[in-house]
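Colleague: Got a structure for you, questions after.
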Amino acid sequence: MRIEDPKVVAALPELNVELRRAASLAELTSLAIGGTTDLLRIQKQESIPGLLSLLDSHGVGHRFLGGGSNLLISDGELPWVVVQLASPDPDIVLDGNFADVDAAADLGRTVTYCAKHDLGGMEGLIGVPGTVGGALRMNAGAYGMQIGSYVREVKLYRAASRRIEILRGEQISFEYRHTSFAPDDMMLAVKLELPSKPYKEILQGIRICNEKRRSSQPLGQKSAGCIFKNPPGASAGRMIDELGLKGLNVGDARVSDRHANFFVNAGKASAQDMLALISDVQGRVRSAFNVELEHEVVIWNG
Ligand code: EPU
């Protein structure tokens, strides 16, 4: 979608919003899949309510983009614009055991920055791509930990109230790859409380998690992490593997040979290829195990 209305275009600089015309979303997602649209980069969080009411009043639909690492976006020209936060400098501020982290901060860098200041707990998240905001929204976790356990406060833009609000940790429910945030809430910042641990000890934990991840996941390839959530008490990856589906493909969309719940873009996969593969695998698992696999990857249809 192109923002055509000159009134909207003229108002953007006053709101500290940078307009990038016809951005390729494939370049902004870890799957390297996605069509084109105008991208609005927000330099100041305070501008968000003004920007969104401007877009609403001119009939310009929008989606919030974080790090693009758990996202499958349709091909072609998209019927909405994309809004993304620019990261401030610094994006992490420490105070004792508390870390105030901007939602646009890189998750892996946050884990290592805190580690260097003897703050641990998040070792399992090393190697999970994306931003802190994205991790927060889906309660990212691995190796027995989840980010929600450390959340004390979240600053967010609530579309329902059209205001920036602060929620205390107790007001948010964090479950397995699920949170109580509304789909149109935009994460802005989080206050984490992390346990004190010597850097060397944290580093040891980070190395172990890195090693496990390297040996079981296709890290160098274009993927969105796990495509499906694990059903209660089972592993989606193991079920898909048991059906002999590693290497199954639709065009360049392929079930990873290394971990069957990772679907990789092995070349120039389209969103259609990837969606067809997802639905094929879902159908086969349904027939064989009578289990309905739920998407973990977020799908933005055009
Ligand atoms: N397995 C297979 N074949 C496969 C994949 C897995 O037999 O192709 C078996 C493994 O051998 C193991 C079991 O299935 O016995 C579980 O596998 P794994 O330890 O790799 O964990 P997972 O349940 O597949 C989950 C998360 C990952 C997270 C790892 C480590 C989900 C959907 N996946 O994977 O998170 O990194 O545990 O904690 O919850 C993600 O969410 O994107 C993600 C990668």
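Chain identifiers are assigned as A, B, and so on, following the order in which chains appear in the structure tokens; residues are numbered from 1 within each chain, and ligands are numbered from 1 in order of appearance.
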So that I can check the surroundings of Pro13 of chain A, please list as a list of chain:residue names every protein, DNA and RNA residue that reaches within 12 Å of it, counting only C-alpha atoms and ignoring chain neighbours fewer than 3 positions away.
Modeller: A:Lys7, A:Val8, A:Val9, A:Ala10, A:Asn16, A:Val17, A:Glu18, A:Leu19, A:Leu40, A:Arg41, A:Ile42, A:Gln43, A:Lys44, A:Ser47, A:Leu51
Colleague: At most 12 Å is the cut-off: for each residue in segment 172-282 of chain A with any atom that close to an atom of segment 95-117 of chain A, write down the nearest atom pair and the distance in Å rounded to one decimal, counting only C-alpha atoms, chain first then increasing number, as CSV.
Modeller:
residue,atom,partner,partner_atom,distance
A:Met186,CA,A:Ala103,CA,9.1
A:Met187,CA,A:Ala103,CA,6.0
A:Leu188,CA,A:Ala103,CA,4.9
A:Ala189,CA,A:Asp102,CA,4.3
A:Val190,CA,A:Val101,CA,5.4
A:Lys191,CA,A:Asp100,CA,4.5
A:Leu192,CA,A:Ala99,CA,5.1
A:Glu193,CA,A:Phe98,CA,4.5
A:Leu194,CA,A:Asn97,CA,5.4
A:Pro195,CA,A:Asn97,CA,6.6
A:Ser196,CA,A:Asn97,CA,6.8
A:Lys197,CA,A:Ala115,CA,8.0
A:Pro198,CA,A:Ala115,CA,8.0
A:Tyr199,CA,A:Ala115,CA,5.5
A:Lys200,CA,A:Ala115,CA,8.7
A:Glu201,CA,A:Ala115,CA,9.2
A:Ile202,CA,A:Ala115,CA,6.3
A:Leu203,CA,A:Ala115,CA,7.4
A:Gln204,CA,A:Ala115,CA,10.8
A:Gly205,CA,A:Ala115,CA,10.5
A:Ile206,CA,A:Thr112,CA,8.9
A:Arg207,CA,A:Thr112,CA,11.6
A:Asn210,CA,A:Gly108,CA,11.4
Colleague: Counting only C-alpha atoms and all ligand atoms, which protein, DNA or RNA residues come within 9 Å of ligand 1, given as a PyMOL selection string?
Modeller: chain A and resi 70+124-125+127-128+140-145+176-177+209+212-213+216-217+224-231+234-242+246+256-262+296-297
Colleague: Neighbours of Thr29 of chain A within 9 Å (only C-alpha atoms; same-chain residues fewer than 6 positions away dropped), as a list in words?
Modeller: Gly67, Gly68, Ser69, Asn70, Leu71, Leu72, Ile73, Lys222, Ser223 and Ala224 of chain A
Colleague: Write down as a PDB file with N, CA and C atoms, in the first residue's frame the residues belonging to segment 247-279 of chain A that are assigned strand (DSSP E) by DSSP computed on the backbone.
Modeller:
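So the final result, stored in selection08.pdb, reads:
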ATOM      1  N   ASN A 249       8.778 -30.895   0.422  1.00  0.00           N
ATOM      2  CA  ASN A 249       8.825 -29.500  -0.042  1.00  0.00           C
ATOM      3  C   ASN A 249       7.643 -29.131  -0.916  1.00  0.00           C
ATOM      4  N   VAL A 250       7.359 -27.832  -0.923  1.00  0.00           N
ATOM      5  CA  VAL A 250       6.490 -27.233  -1.942  1.00  0.00           C
ATOM      6  C   VAL A 250       7.337 -26.100  -2.508  1.00  0.00           C
ATOM      7  N   ALA A 253       9.967 -24.090  -0.330  1.00  0.00           N
ATOM      8  CA  ALA A 253       9.603 -24.218   1.098  1.00  0.00           C
ATOM      9  C   ALA A 253       9.800 -25.680   1.474  1.00  0.00           C
ATOM     10  N   ARG A 254      10.587 -25.918   2.540  1.00  0.00           N
ATOM     11  CA  ARG A 254      11.020 -27.296   2.815  1.00  0.00           C
ATOM     12  C   ARG A 254      11.026 -27.581   4.309  1.00  0.00           C
ATOM     13  N   VAL A 255      10.600 -28.786   4.668  1.00  0.00           N
ATOM     14  CA  VAL A 255      10.719 -29.222   6.061  1.00  0.00           C
ATOM     15  C   VAL A 255      12.203 -29.497   6.307  1.00  0.00           C
ATOM     16  N   PHE A 263      10.546 -25.068   9.178  1.00  0.00           N
ATOM     17  CA  PHE A 263      10.344 -25.106   7.731  1.00  0.00           C
ATOM     18  C   PHE A 263      11.234 -24.006   7.159  1.00  0.00           C
ATOM     19  N   VAL A 264      12.086 -24.382   6.219  1.00  0.00           N
ATOM     20  CA  VAL A 264      13.068 -23.400   5.752  1.00  0.00           C
ATOM     21  C   VAL A 264      12.739 -22.904   4.345  1.00  0.00           C
ATOM     22  N   ASN A 265      13.190 -21.713   4.071  1.00  0.00           N
ATOM     23  CA  ASN A 265      13.129 -21.169   2.717  1.00  0.00           C
ATOM     24  C   ASN A 265      14.469 -21.510   2.078  1.00  0.00           C
TER      25      ASN A 265
END
Colleague: Work out how far atom CA of Leu85 of chain A is from atom CA of Asp38 of chain A, in Å to one decimal.
Modeller: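 One can read the atom CA of Asp38 of chain A to atom CA of Leu85 of chain A distance as 14.2 Å.
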Colleague: Please indicate the distance in Å from atom CA of Leu12 of chain A to atom CA of Lys155 of chain A, rounded to one decimal place.
Modeller: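 Distance reported for this atom pair: 23.1 Å.
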